[in-house]
>>> print(open('protein-v9.pdb').read())   # PDB, C-alpha atoms, pLDDT in the B column
ATOM      1  CA  MET T  68      45.057  62.971 116.511  1.00 87.00           C
ATOM      2  CA  ALA T  69      48.279  63.702 114.649  1.00 97.00           C
ATOM      3  CA  VAL T  70      49.995  60.989 112.583  1.00 97.00           C
ATOM      4  CA  PRO T  71      53.567  61.072 111.268  1.00 98.00           C
ATOM      5  CA  GLY T  72      54.149  61.489 107.557  1.00 98.00           C
ATOM      6  CA  ALA T  73      50.534  62.409 106.821  1.00 97.00           C
ATOM      7  CA  VAL T  74      49.911  63.119 103.122  1.00 98.00           C
ATOM      8  CA  SER T  75      48.512  66.624 102.728  1.00 96.00           C
ATOM      9  CA  ASN T  76      48.201  66.616  98.920  1.00 96.00           C
ATOM     10  CA  PRO T  77      47.132  63.203  97.553  1.00 96.00           C
ATOM     11  CA  SER T  78      47.050  64.613  94.001  1.00 97.00           C
ATOM     12  CA  GLN T  79      50.856  64.462  94.000  1.00 97.00           C
ATOM     13  CA  LEU T  80      50.693  60.670  94.248  1.00 98.00           C
ATOM     14  CA  TYR T  81      49.750  57.905  91.850  1.00 98.00           C
ATOM     15  CA  THR T  82      48.121  54.840  93.412  1.00 98.00           C
ATOM     16  CA  GLU T  83      46.724  51.619  92.013  1.00 98.00           C
ATOM     17  CA  SER T  84      45.738  48.078  92.911  1.00 98.00           C
ATOM     18  CA  VAL T  85      47.822  45.497  91.072  1.00 98.00           C
ATOM     19  CA  SER T  86      48.710  41.819  91.159  1.00 98.00           C
ATOM     20  CA  TYR T  87      51.877  39.945  90.327  1.00 98.00           C
ATOM     21  CA  PRO T  88      52.411  36.219  89.707  1.00 98.00           C
ATOM     22  CA  VAL T  89      54.296  33.936  92.107  1.00 98.00           C
ATOM     23  CA  ASP T  90      54.256  30.144  91.911  1.00 98.00           C
ATOM     24  CA  GLY T  91      51.027  30.078  89.910  1.00 97.00           C
ATOM     25  CA  ALA T  92      49.111  32.479  92.159  1.00 98.00           C
ATOM     26  CA  ALA T  93      48.233  36.143  91.697  1.00 98.00           C
ATOM     27  CA  ILE T  94      49.437  38.169  94.691  1.00 98.00           C
ATOM     28  CA  GLU T  95      47.254  41.218  95.235  1.00 98.00           C
ATOM     29  CA  ALA T  96      49.024  44.454  96.121  1.00 98.00           C
ATOM     30  CA  TYR T  97      48.575  48.194  96.522  1.00 98.00           C
ATOM     31  CA  VAL T  98      51.140  50.494  94.913  1.00 98.00           C
ATOM     32  CA  ALA T  99      51.833  54.159  95.573  1.00 98.00           C
ATOM     33  CA  ARG T 100      54.467  56.412  93.974  1.00 98.00           C
ATOM     34  CA  PRO T 101      55.058  60.075  93.214  1.00 98.00           C
ATOM     35  CA  GLN T 102      53.243  61.459  90.152  1.00 97.00           C
ATOM     36  CA  GLU T 103      56.474  63.195  89.125  1.00 96.00           C
ATOM     37  CA  PRO T 104      58.438  61.031  86.649  1.00 94.00           C
ATOM     38  CA  GLY T 105      61.725  59.767  87.989  1.00 96.00           C
ATOM     39  CA  HIS T 106      63.616  56.838  89.466  1.00 98.00           C
ATOM     40  CA  TYR T 107      62.801  56.126  93.082  1.00 98.00           C
ATOM     41  CA  PRO T 108      63.893  53.635  95.716  1.00 98.00           C
ATOM     42  CA  GLY T 109      61.314  51.001  96.533  1.00 98.00           C
ATOM     43  CA  VAL T 110      59.758  49.952  99.826  1.00 98.00           C
ATOM     44  CA  ILE T 111      57.755  46.815 100.519  1.00 99.00           C
ATOM     45  CA  VAL T 112      55.216  47.482 103.295  1.00 99.00           C
ATOM     46  CA  ILE T 113      54.155  44.243 105.024  1.00 99.00           C
ATOM     47  CA  HIS T 114      50.836  44.212 106.826  1.00 98.00           C
ATOM     48  CA  GLU T 115      50.026  43.091 110.350  1.00 98.00           C
ATOM     49  CA  ALA T 116      48.243  39.835 111.141  1.00 98.00           C
ATOM     50  CA  PHE T 117      44.956  41.559 110.248  1.00 97.00           C
ATOM     51  CA  GLY T 118      45.904  41.871 106.593  1.00 97.00           C
ATOM     52  CA  PRO T 119      46.185  44.910 104.314  1.00 96.00           C
ATOM     53  CA  VAL T 120      43.852  47.258 106.182  1.00 96.00           C
ATOM     54  CA  GLU T 121      43.554  50.884 105.051  1.00 97.00           C
ATOM     55  CA  HIS T 122      46.237  51.966 107.527  1.00 98.00           C
ATOM     56  CA  ILE T 123      48.807  49.857 105.662  1.00 98.00           C
ATOM     57  CA  HIS T 124      47.844  51.469 102.354  1.00 98.00           C
ATOM     58  CA  ASP T 125      48.151  54.852 104.027  1.00 98.00           C
ATOM     59  CA  VAL T 126      51.665  53.978 105.199  1.00 98.00           C
ATOM     60  CA  ALA T 127      52.509  53.113 101.576  1.00 98.00           C
ATOM     61  CA  ARG T 128      51.245  56.554 100.525  1.00 98.00           C
ATOM     62  CA  ARG T 129      53.344  58.209 103.235  1.00 98.00           C
ATOM     63  CA  PHE T 130      56.463  56.583 101.774  1.00 98.00           C
ATOM     64  CA  ALA T 131      55.430  57.642  98.269  1.00 98.00           C
ATOM     65  CA  ASN T 132      55.063  61.173  99.585  1.00 98.00           C
ATOM     66  CA  ARG T 133      58.716  60.972 100.683  1.00 98.00           C
ATOM     67  CA  GLY T 134      59.943  59.984  97.233  1.00 98.00           C
ATOM     68  CA  TYR T 135      59.597  56.206  97.259  1.00 98.00           C
ATOM     69  CA  ILE T 136      57.652  53.733  95.182  1.00 98.00           C
ATOM     70  CA  ALA T 137      55.876  51.563  97.734  1.00 98.00           C
ATOM     71  CA  ILE T 138      54.102  48.239  97.392  1.00 98.00           C
ATOM     72  CA  ALA T 139      51.886  46.648 100.048  1.00 98.00           C
ATOM     73  CA  PRO T 140      51.316  43.002  99.079  1.00 98.00           C
ATOM     74  CA  ASN T 141      48.474  40.939 100.506  1.00 98.00           C
ATOM     75  CA  LEU T 142      50.228  37.849 101.832  1.00 98.00           C
ATOM     76  CA  TYR T 143      46.810  36.250 102.356  1.00 98.00           C
ATOM     77  CA  SER T 144      46.079  36.328  98.607  1.00 98.00           C
ATOM     78  CA  ARG T 145      46.186  32.526  98.361  1.00 97.00           C
ATOM     79  CA  VAL T 146      43.941  31.811 101.343  1.00 97.00           C
ATOM     80  CA  GLY T 147      41.700  34.870 101.564  1.00 97.00           C
ATOM     81  CA  THR T 148      42.083  37.841 103.875  1.00 97.00           C
ATOM     82  CA  PRO T 149      40.793  37.098 107.388  1.00 97.00           C
ATOM     83  CA  ASN T 150      38.091  39.171 109.038  1.00 95.00           C
ATOM     84  CA  PRO T 151      40.126  41.557 111.210  1.00 92.00           C
ATOM     85  CA  SER T 152      37.516  41.362 113.971  1.00 93.00           C
ATOM     86  CA  ASP T 153      37.662  37.547 114.129  1.00 96.00           C
ATOM     87  CA  THR T 154      40.787  36.911 116.205  1.00 94.00           C
ATOM     88  CA  GLN T 155      40.553  33.138 115.849  1.00 96.00           C
ATOM     89  CA  GLU T 156      40.452  33.352 112.054  1.00 97.00           C
ATOM     90  CA  VAL T 157      43.269  35.915 112.003  1.00 97.00           C
ATOM     91  CA  PHE T 158      45.624  33.715 114.010  1.00 96.00           C
ATOM     92  CA  LYS T 159      44.674  30.550 112.132  1.00 97.00           C
ATOM     93  CA  LYS T 160      45.520  32.135 108.799  1.00 98.00           C
ATOM     94  CA  MET T 161      48.609  33.946 110.093  1.00 98.00           C
ATOM     95  CA  PHE T 162      50.140  30.779 111.554  1.00 98.00           C
ATOM     96  CA  GLY T 163      49.072  28.863 108.428  1.00 98.00           C
ATOM     97  CA  LEU T 164      51.218  30.873 106.038  1.00 98.00           C
ATOM     98  CA  GLN T 165      54.366  28.989 105.017  1.00 98.00           C
ATOM     99  CA  ASP T 166      57.644  30.815 105.628  1.00 98.00           C
ATOM    100  CA  GLY T 167      59.186  29.628 102.374  1.00 98.00           C
ATOM    101  CA  GLN T 168      56.195  30.829 100.375  1.00 98.00           C
ATOM    102  CA  ILE T 169      56.203  34.188 102.168  1.00 98.00           C
ATOM    103  CA  VAL T 170      59.806  34.759 101.113  1.00 98.00           C
ATOM    104  CA  ARG T 171      59.014  33.978  97.468  1.00 98.00           C
ATOM    105  CA  ASP T 172      55.949  36.233  97.540  1.00 98.00           C
ATOM    106  CA  LEU T 173      58.048  39.088  98.957  1.00 98.00           C
ATOM    107  CA  GLU T 174      60.779  38.458  96.391  1.00 98.00           C
ATOM    108  CA  GLY T 175      58.028  38.817  93.805  1.00 98.00           C
ATOM    109  CA  ALA T 176      57.128  42.205  95.271  1.00 98.00           C
ATOM    110  CA  ALA T 177      60.760  43.315  95.069  1.00 98.00           C
ATOM    111  CA  SER T 178      60.946  42.164  91.441  1.00 98.00           C
ATOM    112  CA  TYR T 179      57.717  44.008  90.661  1.00 98.00           C
ATOM    113  CA  LEU T 180      59.143  47.259  92.025  1.00 98.00           C
ATOM    114  CA  ARG T 181      62.405  46.934  90.119  1.00 98.00           C
ATOM    115  CA  ALA T 182      60.539  46.244  86.875  1.00 98.00           C
ATOM    116  CA  THR T 183      58.185  49.252  87.036  1.00 96.00           C
ATOM    117  CA  GLY T 184      60.467  51.641  85.173  1.00 95.00           C
ATOM    118  CA  TYR T 185      60.363  54.003  88.151  1.00 96.00           C
ATOM    119  CA  SER T 186      62.911  52.155  90.286  1.00 97.00           C
ATOM    120  CA  ASN T 187      66.449  53.235  91.134  1.00 98.00           C
ATOM    121  CA  GLY T 188      67.218  49.546  91.659  1.00 98.00           C
ATOM    122  CA  LYS T 189      67.173  49.552  95.448  1.00 98.00           C
ATOM    123  CA  VAL T 190      64.372  48.064  97.562  1.00 98.00           C
ATOM    124  CA  GLY T 191      63.763  48.116 101.292  1.00 98.00           C
ATOM    125  CA  VAL T 192      61.206  46.257 103.360  1.00 99.00           C
ATOM    126  CA  ILE T 193      59.303  47.256 106.497  1.00 99.00           C
ATOM    127  CA  GLY T 194      56.750  45.177 108.354  1.00 98.00           C
ATOM    128  CA  PHE T 195      54.587  45.485 111.429  1.00 98.00           C
ATOM    129  CA  CYS T 196      53.601  42.801 113.958  1.00 98.00           C
ATOM    130  CA  SER T 197      53.515  39.535 111.966  1.00 98.00           C
ATOM    131  CA  GLY T 198      54.925  41.616 109.126  1.00 98.00           C
ATOM    132  CA  GLY T 199      57.879  42.498 111.341  1.00 98.00           C
ATOM    133  CA  ARG T 200      58.636  38.816 111.767  1.00 98.00           C
ATOM    134  CA  GLN T 201      58.248  38.359 108.009  1.00 98.00           C
ATOM    135  CA  THR T 202      60.654  41.250 107.435  1.00 98.00           C
ATOM    136  CA  LEU T 203      63.276  39.528 109.569  1.00 98.00           C
ATOM    137  CA  LEU T 204      62.513  36.274 107.752  1.00 98.00           C
ATOM    138  CA  MET T 205      63.012  37.993 104.400  1.00 98.00           C
ATOM    139  CA  ALA T 206      66.272  39.637 105.444  1.00 98.00           C
ATOM    140  CA  SER T 207      67.527  36.260 106.708  1.00 98.00           C
ATOM    141  CA  SER T 208      66.417  34.184 103.719  1.00 98.00           C
ATOM    142  CA  SER T 209      66.932  36.301 100.616  1.00 98.00           C
ATOM    143  CA  HIS T 210      69.236  38.823  98.971  1.00 98.00           C
ATOM    144  CA  ALA T 211      66.344  40.623  97.262  1.00 98.00           C
ATOM    145  CA  VAL T 212      66.253  43.655  99.582  1.00 98.00           C
ATOM    146  CA  ASP T 213      68.828  46.311 100.416  1.00 98.00           C
ATOM    147  CA  ALA T 214      67.552  47.356 103.873  1.00 99.00           C
ATOM    148  CA  ALA T 215      64.982  46.040 106.356  1.00 99.00           C
ATOM    149  CA  VAL T 216      62.958  47.456 109.251  1.00 99.00           C
ATOM    150  CA  ASP T 217      61.413  44.937 111.650  1.00 98.00           C
ATOM    151  CA  CYS T 218      58.698  46.645 113.713  1.00 98.00           C
ATOM    152  CA  TRP T 219      57.829  44.499 116.749  1.00 98.00           C
ATOM    153  CA  GLY T 220      57.935  41.194 114.924  1.00 98.00           C
ATOM    154  CA  GLY T 221      56.825  38.588 117.451  1.00 97.00           C
ATOM    155  CA  PHE T 222      57.334  34.842 117.744  1.00 98.00           C
ATOM    156  CA  ILE T 223      61.036  35.008 116.944  1.00 97.00           C
ATOM    157  CA  ARG T 224      61.941  32.286 119.469  1.00 97.00           C
ATOM    158  CA  SER T 225      59.071  29.915 118.665  1.00 97.00           C
ATOM    159  CA  ALA T 226      56.662  29.247 115.829  1.00 98.00           C
ATOM    160  CA  THR T 227      53.492  29.630 117.900  1.00 97.00           C
ATOM    161  CA  PRO T 228      52.574  30.046 121.580  1.00 96.00           C
ATOM    162  CA  ASP T 229      52.537  26.239 121.863  1.00 95.00           C
ATOM    163  CA  ALA T 230      55.214  24.958 119.486  1.00 97.00           C
ATOM    164  CA  ALA T 231      58.892  25.678 118.903  1.00 97.00           C
ATOM    165  CA  THR T 232      58.506  24.799 115.234  1.00 98.00           C
ATOM    166  CA  THR T 233      55.695  23.851 112.860  1.00 98.00           C
ATOM    167  CA  PRO T 234      55.673  22.583 109.273  1.00 98.00           C
ATOM    168  CA  GLU T 235      54.809  26.129 108.204  1.00 98.00           C
ATOM    169  CA  ARG T 236      57.505  27.712 110.416  1.00 98.00           C
ATOM    170  CA  PRO T 237      60.260  25.097 110.511  1.00 98.00           C
ATOM    171  CA  THR T 238      63.066  27.298 111.908  1.00 98.00           C
ATOM    172  CA  PRO T 239      62.815  29.859 114.732  1.00 98.00           C
ATOM    173  CA  ILE T 240      63.645  33.277 113.305  1.00 97.00           C
ATOM    174  CA  ILE T 241      66.169  33.895 116.094  1.00 97.00           C
ATOM    175  CA  ASP T 242      68.217  30.994 114.704  1.00 98.00           C
ATOM    176  CA  MET T 243      68.346  32.611 111.264  1.00 98.00           C
ATOM    177  CA  ALA T 244      69.911  35.887 112.424  1.00 96.00           C
ATOM    178  CA  GLU T 245      73.384  34.874 111.238  1.00 97.00           C
ATOM    179  CA  ASN T 246      72.030  34.891 107.671  1.00 98.00           C
ATOM    180  CA  VAL T 247      70.793  38.504 107.606  1.00 98.00           C
ATOM    181  CA  SER T 248      71.990  39.894 104.276  1.00 98.00           C
ATOM    182  CA  CYS T 249      71.272  43.645 104.505  1.00 98.00           C
ATOM    183  CA  PRO T 250      71.323  46.537 106.986  1.00 98.00           C
ATOM    184  CA  LEU T 251      68.636  45.897 109.600  1.00 98.00           C
ATOM    185  CA  PHE T 252      66.724  48.154 111.986  1.00 98.00           C
ATOM    186  CA  VAL T 253      64.822  46.363 114.770  1.00 98.00           C
ATOM    187  CA  VAL T 254      62.057  48.272 116.583  1.00 98.00           C
ATOM    188  CA  ILE T 255      60.625  47.257 119.964  1.00 98.00           C
ATOM    189  CA  GLY T 256      58.293  49.000 122.404  1.00 98.00           C
ATOM    190  CA  GLU T 257      59.496  48.884 126.005  1.00 98.00           C
ATOM    191  CA  GLU T 258      56.053  47.728 127.199  1.00 98.00           C
ATOM    192  CA  ASP T 259      55.732  44.966 124.589  1.00 98.00           C
ATOM    193  CA  GLN T 260      55.827  41.301 125.579  1.00 97.00           C
ATOM    194  CA  ASN T 261      56.065  39.737 122.106  1.00 98.00           C
ATOM    195  CA  PRO T 262      58.699  40.707 121.207  1.00 98.00           C
ATOM    196  CA  SER T 263      59.856  41.799 124.616  1.00 98.00           C
ATOM    197  CA  PRO T 264      62.940  43.949 125.237  1.00 98.00           C
ATOM    198  CA  GLU T 265      64.550  40.705 126.424  1.00 98.00           C
ATOM    199  CA  ASP T 266      63.807  39.142 123.041  1.00 98.00           C
ATOM    200  CA  GLY T 267      65.494  42.174 121.517  1.00 98.00           C
ATOM    201  CA  GLU T 268      68.579  41.662 123.674  1.00 98.00           C
ATOM    202  CA  LEU T 269      68.868  38.057 122.528  1.00 98.00           C
ATOM    203  CA  LEU T 270      68.405  39.016 118.881  1.00 98.00           C
ATOM    204  CA  SER T 271      70.970  41.793 119.258  1.00 98.00           C
ATOM    205  CA  LYS T 272      73.457  39.333 120.753  1.00 98.00           C
ATOM    206  CA  ARG T 273      73.000  36.925 117.842  1.00 98.00           C
ATOM    207  CA  LEU T 274      73.385  39.696 115.272  1.00 98.00           C
ATOM    208  CA  LYS T 275      76.511  41.044 116.956  1.00 98.00           C
ATOM    209  CA  GLN T 276      78.078  37.590 117.094  1.00 97.00           C
ATOM    210  CA  ALA T 277      77.454  37.235 113.362  1.00 98.00           C
ATOM    211  CA  GLY T 278      78.957  40.655 112.622  1.00 98.00           C
ATOM    212  CA  LYS T 279      75.802  42.051 111.069  1.00 98.00           C
ATOM    213  CA  ASP T 280      75.058  45.688 110.197  1.00 98.00           C
ATOM    214  CA  PHE T 281      72.109  46.426 112.463  1.00 98.00           C
ATOM    215  CA  GLN T 282      70.602  48.755 114.999  1.00 98.00           C
ATOM    216  CA  LEU T 283      67.989  47.971 117.616  1.00 98.00           C
ATOM    217  CA  LYS T 284      65.972  50.595 119.432  1.00 98.00           C
ATOM    218  CA  VAL T 285      63.549  50.213 122.333  1.00 98.00           C
ATOM    219  CA  TYR T 286      60.980  53.021 122.311  1.00 98.00           C
ATOM    220  CA  ARG T 287      59.931  54.394 125.662  1.00 98.00           C
ATOM    221  CA  ASN T 288      56.312  54.659 126.796  1.00 98.00           C
ATOM    222  CA  ALA T 289      55.238  52.432 123.927  1.00 98.00           C
ATOM    223  CA  GLY T 290      53.967  48.896 123.559  1.00 98.00           C
ATOM    224  CA  HIS T 291      53.021  46.570 120.718  1.00 98.00           C
ATOM    225  CA  ALA T 292      51.780  48.236 117.517  1.00 98.00           C
ATOM    226  CA  PHE T 293      52.433  51.753 118.775  1.00 98.00           C
ATOM    227  CA  PHE T 294      52.544  53.078 115.182  1.00 98.00           C
ATOM    228  CA  ALA T 295      49.064  51.747 114.297  1.00 98.00           C
ATOM    229  CA  ASP T 296      46.981  54.922 114.503  1.00 97.00           C
ATOM    230  CA  TYR T 297      43.738  53.014 113.934  1.00 96.00           C
ATOM    231  CA  ARG T 298      44.227  50.957 117.101  1.00 96.00           C
ATOM    232  CA  PRO T 299      44.145  51.927 120.795  1.00 96.00           C
ATOM    233  CA  ASN T 300      47.828  50.905 120.994  1.00 96.00           C
ATOM    234  CA  TYR T 301      48.808  54.102 119.150  1.00 98.00           C
ATOM    235  CA  ARG T 302      51.371  56.311 120.894  1.00 98.00           C
ATOM    236  CA  GLU T 303      51.754  59.595 119.074  1.00 98.00           C
ATOM    237  CA  LYS T 304      55.151  60.681 120.405  1.00 98.00           C
ATOM    238  CA  ALA T 305      56.799  57.318 119.811  1.00 98.00           C
ATOM    239  CA  ALA T 306      55.169  57.041 116.367  1.00 98.00           C
ATOM    240  CA  PHE T 307      56.642  60.364 115.244  1.00 98.00           C
ATOM    241  CA  GLU T 308      60.035  59.340 116.600  1.00 98.00           C
ATOM    242  CA  LEU T 309      59.849  56.045 114.724  1.00 98.00           C
ATOM    243  CA  TRP T 310      58.867  57.711 111.447  1.00 98.00           C
ATOM    244  CA  ASP T 311      61.864  60.023 111.668  1.00 98.00           C
ATOM    245  CA  ASP T 312      64.180  57.107 112.469  1.00 98.00           C
ATOM    246  CA  VAL T 313      62.859  54.928 109.647  1.00 98.00           C
ATOM    247  CA  SER T 314      63.016  57.812 107.171  1.00 98.00           C
ATOM    248  CA  ARG T 315      66.686  58.416 107.980  1.00 98.00           C
ATOM    249  CA  PHE T 316      67.482  54.701 107.828  1.00 98.00           C
ATOM    250  CA  PHE T 317      65.873  54.153 104.428  1.00 98.00           C
ATOM    251  CA  ASP T 318      67.234  57.400 103.003  1.00 98.00           C
ATOM    252  CA  GLN T 319      70.740  56.346 104.031  1.00 98.00           C
ATOM    253  CA  HIS T 320      70.561  52.879 102.525  1.00 98.00           C
ATOM    254  CA  LEU T 321      68.200  53.285  99.568  1.00 98.00           C
ATOM    255  CA  LYS T 322      68.622  56.807  98.205  1.00 96.00           C
ATOM    256  CA  LYS T 323      72.407  56.954  97.958  1.00 79.00           C
TER     257      LYS T 323
END
>>> encode(input="protein-v9.pdb", output="structure tokens")
Amino acid sequence: MAVPGAVSNPSQLYTESVSYPVDGAAIEAYVARPQEPGHYPGVIVIHEAFGPVEHIHDVARRFANRGYIAIAPNLYSRVGTPNPSDTQEVFKKMFGLQDGQIVRDLEGAASYLRATGYSNGKVGVIGFCSGGRQTLLMASSSHAVDAAVDCWGGFIRSATPDAATTPERPTPIIDMAENVSCPLFVVIGEEDQNPSPEDGELLSKRLKQAGKDFQLKVYRNAGHAFFADYRPNYREKAAFELWDDVSRFFDQHLKK
């Protein structure tokens, strides 16, 4: 199986596990950057509902291999990472994270990158599944990032399958679109149901009405999590297309 952006020479990269403080807690994270000294744009890589599995760390390394300093924070650091095979635990912890705290934890990741001494000052964010929603949340709630890529972030119209809002998710993400503060790339698979292409149309309408700098692309022959090469959802052709699109998007907004 071929994967886009695969790292052929890991010795060219420096990687480490770190933590950074936010609101009295230590947020665990994985960092990858080129070994070559220099100043690089940063990318925050937000994990799926399952937490920072090895695939997410590999995605961070793929960005580092392209000349970025990448950080993959564990947004479950306060509550403990769920067992990826226990769906009930995964959803309980995912829906239990507070939106306001997520934003502060991601702002902490952006600050960490800018303070490393390897940063060119610009930071992007990309997230997958629940991380896609959190990317859109970040872009709509903070000015800490310079570009954002939302990969199939679900639950943008409601907080959960059963509630429009919850104490943890007090505002539907769709209603925050007018506050997006950076260039945004929204990614949806045509076979996905959450977010569906119809969800994408509604989000696109809101972003257009607000005059935002965005692009939205629906990938053919692809469903939810089509970039996740460790899951049966993986679609090789669409994944390679997405990697090329994301690389161009981040290069345009973060390297210049």
>>> residues_near_point(input="protein-v9.pdb", point="(38.4, 38.8, 110.7)", cutoff="12 Å", atoms="only C-alpha atoms", output="PyMOL selection string")
chain T and resi 116-120+147-161
>>> write_last_selection(input="protein-v9.pdb", atoms="C-alpha atoms", output="PDB file, in the coordinates of the input")
ATOM      1  CA  ALA T 116      48.243  39.835 111.141  1.00 98.00           C
ATOM      2  CA  PHE T 117      44.956  41.559 110.248  1.00 97.00           C
ATOM      3  CA  GLY T 118      45.904  41.871 106.593  1.00 97.00           C
ATOM      4  CA  PRO T 119      46.185  44.910 104.314  1.00 96.00           C
ATOM      5  CA  VAL T 120      43.852  47.258 106.182  1.00 96.00           C
ATOM      6  CA  GLY T 147      41.700  34.870 101.564  1.00 97.00           C
ATOM      7  CA  THR T 148      42.083  37.841 103.875  1.00 97.00           C
ATOM      8  CA  PRO T 149      40.793  37.098 107.388  1.00 97.00           C
ATOM      9  CA  ASN T 150      38.091  39.171 109.038  1.00 95.00           C
ATOM     10  CA  PRO T 151      40.126  41.557 111.210  1.00 92.00           C
ATOM     11  CA  SER T 152      37.516  41.362 113.971  1.00 93.00           C
ATOM     12  CA  ASP T 153      37.662  37.547 114.129  1.00 96.00           C
ATOM     13  CA  THR T 154      40.787  36.911 116.205  1.00 94.00           C
ATOM     14  CA  GLN T 155      40.553  33.138 115.849  1.00 96.00           C
ATOM     15  CA  GLU T 156      40.452  33.352 112.054  1.00 97.00           C
ATOM     16  CA  VAL T 157      43.269  35.915 112.003  1.00 97.00           C
ATOM     17  CA  PHE T 158      45.624  33.715 114.010  1.00 96.00           C
ATOM     18  CA  LYS T 159      44.674  30.550 112.132  1.00 97.00           C
ATOM     19  CA  LYS T 160      45.520  32.135 108.799  1.00 98.00           C
ATOM     20  CA  MET T 161      48.609  33.946 110.093  1.00 98.00           C
TER      21      MET T 161
END
>>> residues_around(input="protein-v9.pdb", residues="Tyr81 (chain T)", least_positions_apart="3", cutoff="7 Å", atoms="all atoms listed in the file", output="list of chain:residue names")
T:Ala99, T:Arg100, T:Pro101, T:Gln102
>>> closest_residue(input="protein-v9.pdb", among="T:Pro264, T:Gly220, T:Gly167, T:Pro71", to="Asp311 (chain T)", atoms="only C-alpha atoms")
T:Pro71
>>> residues_around(input="protein-v9.pdb", residues="Ala226 (chain T)", least_positions_apart="2", cutoff="9 Å", atoms="all atoms listed in the file", output="compact mmCIF listing (two decimals) with C-alpha atoms, in the coordinates of the input")
# COMPACT_ATOMS: atom_id res chain seq x y z
CA PHE T 162 50.14 30.78 111.55
CA PHE T 222 57.33 34.84 117.74
CA ILE T 223 61.04 35.01 116.94
CA ARG T 224 61.94 32.29 119.47
CA PRO T 228 52.57 30.05 121.58
CA ASP T 229 52.54 26.24 121.86
CA ALA T 230 55.21 24.96 119.49
CA ALA T 231 58.89 25.68 118.90
CA THR T 232 58.51 24.80 115.23
CA THR T 233 55.70 23.85 112.86
CA GLU T 235 54.81 26.13 108.20
CA ARG T 236 57.50 27.71 110.42
CA PRO T 237 60.26 25.10 110.51
CA THR T 238 63.07 27.30 111.91
CA PRO T 239 62.82 29.86 114.73
CA ILE T 240 63.64 33.28 113.30
>>> residues_around(input="protein-v9.pdb", residues="region 307-310 of chain T", least_positions_apart="5", cutoff="12 Å", atoms="only C-alpha atoms", output="PyMOL selection string")
chain T and resi 68-73+126+129-130+133+193+216-219+252-256+283-289+292-296+301-302+315-318
>>> atom_distance(input="protein-v9.pdb", atom1="CA of Leu321 (chain T)", atom2="CA of Gly191 (chain T)")
7.0 Å
>>> residues_around(input="protein-v9.pdb", residues="Val190 (chain T)", least_positions_apart="6", cutoff="8 Å", atoms="all atoms listed in the file", output="ChimeraX atom specification")
/T:108-111,177,180-181,211-214,321
>>> write_last_selection(input="protein-v9.pdb", atoms="C-alpha atoms", output="CSV table (one decimal), in the coordinates of the input")
chain,number,residue,atom,x,y,z
T,108,PRO,CA,63.9,53.6,95.7
T,109,GLY,CA,61.3,51.0,96.5
T,110,VAL,CA,59.8,50.0,99.8
T,111,ILE,CA,57.8,46.8,100.5
T,177,ALA,CA,60.8,43.3,95.1
T,180,LEU,CA,59.1,47.3,92.0
T,181,ARG,CA,62.4,46.9,90.1
T,211,ALA,CA,66.3,40.6,97.3
T,212,VAL,CA,66.3,43.7,99.6
T,213,ASP,CA,68.8,46.3,100.4
T,214,ALA,CA,67.6,47.4,103.9
T,321,LEU,CA,68.2,53.3,99.6
>>> resolve_selection(input="protein-v9.pdb", expression="the PyMOL selection byres ((chain T and resi 106) around 8)", output="ChimeraX atom specification")
/T:104-105,107-108,184-187
>>> atom_distance(input="protein-v9.pdb", atom1="CA of Leu269 (chain T)", atom2="CA of Arg171 (chain T)")
27.2 Å
>>> axis_aligned_box(input="protein-v9.pdb", around="region 221-238 of chain T", padding_each_side="8 Å", output="AutoDock Vina command-line options")
--center_x 57.8 --center_y 30.6 --center_z 115.0 --size_x 26.5 --size_y 32.0 --size_z 29.7
>>> atom_distance(input="protein-v9.pdb", atom1="CA of Val98 (chain T)", atom2="CA of Leu204 (chain T)")
22.3 Å
>>> residues_near_point(input="protein-v9.pdb", point="(49.8, 38.5, 91.9)", cutoff="12 Å", atoms="only C-alpha atoms", output="MDAnalysis selection string")
chainID T and resid 84:97 138:145 171:176 178:179
>>> closest_residue(input="protein-v9.pdb", among="T:Lys189, T:His291, T:Arg273, T:His122", to="Lys323 (chain T)", atoms="all atoms listed in the file")
T:Lys189
>>> closest_residue(input="protein-v9.pdb", among="T:Val74, T:Ile113, T:Cys249, T:Val146", to="Gln201 (chain T)", atoms="only C-alpha atoms")
T:Ile113
>>> resolve_selection(input="protein-v9.pdb", expression="the PyMOL selection byres ((chain T and resi 197) around 6)", output="list in words")
Glu115, Ala116, Cys196, Gly198, Gly199, Arg200 and Gly220 of chain T
>>> closest_residue(input="protein-v9.pdb", among="T:Gly290, T:Gly163, T:Gly267, T:Gly188", to="Thr227 (chain T)", atoms="all atoms listed in the file")
T:Gly163
>>> closest_residue(input="protein-v9.pdb", among="T:Glu258, T:Glu245, T:Glu303, T:Glu121", to="Lys272 (chain T)", atoms="all atoms listed in the file")
T:Glu245
